[in-house]
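Asks: Here it is, the structure in full.
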Amino acid sequence: MLLPDRHLVADLLARYRAWERLVLADPLDEDTRGRFEDVAYTLCVLMGQRTAREAIWQAEAYLRRIRPVPLFPEGTEPVAPGVKP
């Protein structure tokens with residue numbers, strides 16, 4: 001089973017919440033609402049859910065299950081030239 005990139009899921013959740021705040025601040029702004037709905041739709045497709053509420057719940061659960069991947073595996077951190085580890 002293919003799983004979505006955790007960075008993409010986290011980014012979409014953050015964008016969803018940001019657009020949600022903007023929509024709540026100005027519910028009559030059609031451009032803001034459209035962008036909010038676009039992000040919600042993308043999140044639904046990515047998480048395989050029918051509603052934004054279900055997609056958010058799935059995305060949050062998915063991010064809780066995935067452990068962070070280290071940028072550099074243990075013992076492979078880059079060292080600046082001339083600096084002894």
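We label chains A, B, ... in the order they appear in the structure tokens, count residues from 1 in each chain, and number ligands from 1 in the order shown.
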Would you mind listing what lies within 12 Å of Glu37 (chain A) as a list in words, with only C-alpha atoms counted and same-chain residues fewer than 2 positions away left out?
Replies: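 After dropping sequence-adjacent residues, the list is Leu12, Arg15, Tyr16, Arg17, Trp19, Glu20, Val23, Glu30, Asp31, Thr32, Arg33, Gly34, Arg35, Val39, Ala40, Tyr41, Thr42, Leu43, Cys44, Thr51 and Ala52 of chain A.
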Asks: Would you output that residue set with N, CA and C atoms, as a compact mmCIF listing (two decimals), in the first residue's frame?
Replies:
```
# COMPACT_ATOMS: atom_id res chain seq x y z
N LEU A 12 -0.20 20.17 4.07
CA LEU A 12 -1.61 20.36 3.73
C LEU A 12 -2.45 20.64 4.97
N ARG A 15 -1.83 24.24 5.87
CA ARG A 15 -2.51 25.14 4.94
C ARG A 15 -4.02 25.11 5.14
N TYR A 16 -4.57 23.93 5.40
CA TYR A 16 -6.01 23.81 5.65
C TYR A 16 -6.40 24.68 6.84
N ARG A 17 -5.64 24.58 7.92
CA ARG A 17 -5.97 25.34 9.13
C ARG A 17 -5.79 26.85 8.91
N TRP A 19 -6.14 28.49 5.98
CA TRP A 19 -7.26 28.95 5.15
C TRP A 19 -8.57 28.92 5.95
N GLU A 20 -8.72 27.94 6.83
CA GLU A 20 -9.91 27.86 7.66
C GLU A 20 -10.05 29.11 8.53
N VAL A 23 -11.16 31.98 6.34
CA VAL A 23 -12.58 31.87 5.98
C VAL A 23 -13.45 32.26 7.16
N GLU A 30 -15.15 35.07 -1.50
CA GLU A 30 -15.26 33.89 -2.36
C GLU A 30 -13.90 33.33 -2.76
N ASP A 31 -12.91 34.20 -2.97
CA ASP A 31 -11.58 33.73 -3.35
C ASP A 31 -10.96 32.91 -2.21
N THR A 32 -11.07 33.41 -0.99
CA THR A 32 -10.54 32.70 0.17
C THR A 32 -11.25 31.37 0.35
N ARG A 33 -12.57 31.39 0.23
CA ARG A 33 -13.34 30.15 0.38
C ARG A 33 -12.95 29.14 -0.69
N GLY A 34 -12.73 29.61 -1.92
CA GLY A 34 -12.34 28.71 -3.00
C GLY A 34 -11.01 28.04 -2.74
N ARG A 35 -10.05 28.83 -2.25
CA ARG A 35 -8.72 28.27 -1.94
C ARG A 35 -8.81 27.28 -0.78
N VAL A 39 -7.80 23.20 -0.93
CA VAL A 39 -6.91 22.50 -0.01
C VAL A 39 -7.66 21.34 0.66
N ALA A 40 -8.91 21.57 1.04
CA ALA A 40 -9.71 20.52 1.66
C ALA A 40 -9.89 19.34 0.70
N TYR A 41 -10.15 19.64 -0.57
CA TYR A 41 -10.34 18.60 -1.57
C TYR A 41 -9.04 17.80 -1.75
N THR A 42 -7.92 18.49 -1.84
CA THR A 42 -6.63 17.82 -2.00
C THR A 42 -6.34 16.91 -0.81
N LEU A 43 -6.65 17.37 0.38
CA LEU A 43 -6.46 16.57 1.58
C LEU A 43 -7.36 15.33 1.55
N CYS A 44 -8.59 15.48 1.09
CA CYS A 44 -9.51 14.35 0.98
C CYS A 44 -8.97 13.30 0.01
N THR A 51 -14.92 13.29 3.21
CA THR A 51 -15.16 14.61 3.79
C THR A 51 -13.86 15.17 4.37
N ALA A 52 -13.81 16.49 4.47
CA ALA A 52 -12.61 17.13 5.03
C ALA A 52 -12.42 16.72 6.48
```
Asks: May I have the residues within 12 Å of Arg65 (chain A) as a list in words, using only C-alpha atoms and disregarding those fewer than 5 positions away in the same chain?
Replies: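 The residues that qualify are Leu3, Arg6, Gln58, Ala59 and Glu60 of chain A.
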Asks: How about saving the chosen residues, N, CA, C and O atoms kept, as a PDB file, in the first residue's frame?
Replies:
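Written out: part-v4.pdb:
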```
ATOM      1  N   LEU A   3       1.795   4.990   0.819  1.00  0.00           N
ATOM      2  CA  LEU A   3       1.458   5.963   1.850  1.00  0.00           C
ATOM      3  C   LEU A   3       1.916   7.340   1.398  1.00  0.00           C
ATOM      4  O   LEU A   3       2.955   7.470   0.761  1.00  0.00           O
ATOM      5  N   ARG A   6       4.884  12.207   4.481  1.00  0.00           N
ATOM      6  CA  ARG A   6       4.446  12.834   5.741  1.00  0.00           C
ATOM      7  C   ARG A   6       4.621  14.344   5.721  1.00  0.00           C
ATOM      8  O   ARG A   6       3.858  15.069   6.336  1.00  0.00           O
ATOM      9  N   GLN A  58      -7.858  11.431   9.644  1.00  0.00           N
ATOM     10  CA  GLN A  58      -6.937  10.436   9.100  1.00  0.00           C
ATOM     11  C   GLN A  58      -5.512  10.988   9.039  1.00  0.00           C
ATOM     12  O   GLN A  58      -4.555  10.295   9.358  1.00  0.00           O
ATOM     13  N   ALA A  59      -5.367  12.229   8.577  1.00  0.00           N
ATOM     14  CA  ALA A  59      -4.044  12.839   8.441  1.00  0.00           C
ATOM     15  C   ALA A  59      -3.374  12.981   9.804  1.00  0.00           C
ATOM     16  O   ALA A  59      -2.185  12.682   9.954  1.00  0.00           O
ATOM     17  N   GLU A  60      -4.126  13.432  10.800  1.00  0.00           N
ATOM     18  CA  GLU A  60      -3.553  13.574  12.140  1.00  0.00           C
ATOM     19  C   GLU A  60      -3.146  12.222  12.711  1.00  0.00           C
ATOM     20  O   GLU A  60      -2.083  12.084  13.313  1.00  0.00           O
TER      21      GLU A  60
END
```
Asks: Measure the distance from CA of Tyr62 (chain A) to CA of Val9 (chain A) in Å and round it to one decimal.
Replies: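 Calculated distance between CA of Tyr62 (chain A) and CA of Val9 (chain A) is 8.7 Å.
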Asks: Expressed in Å to a single decimal, how great is the separation between CA of Leu24 (chain A) and CA of Ala55 (chain A)?
Replies: 19.5 Å
Asks: One number please: CA of Leu46 (chain A) to CA of Ala25 (chain A), in Å, one decimal.
Replies: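 Separation between CA of Leu46 (chain A) and CA of Ala25 (chain A): 26.8 Å.
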Asks: Point out the residue among A:Ile66, A:Ala61, A:Ile56, A:Leu2 with the least atom-to-atom distance to Ala14 (chain A), counting only C-alpha atoms.
Replies: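 Using only C-alpha atoms, the shortest distance to Ala14 (chain A) belongs to A:Ile56.
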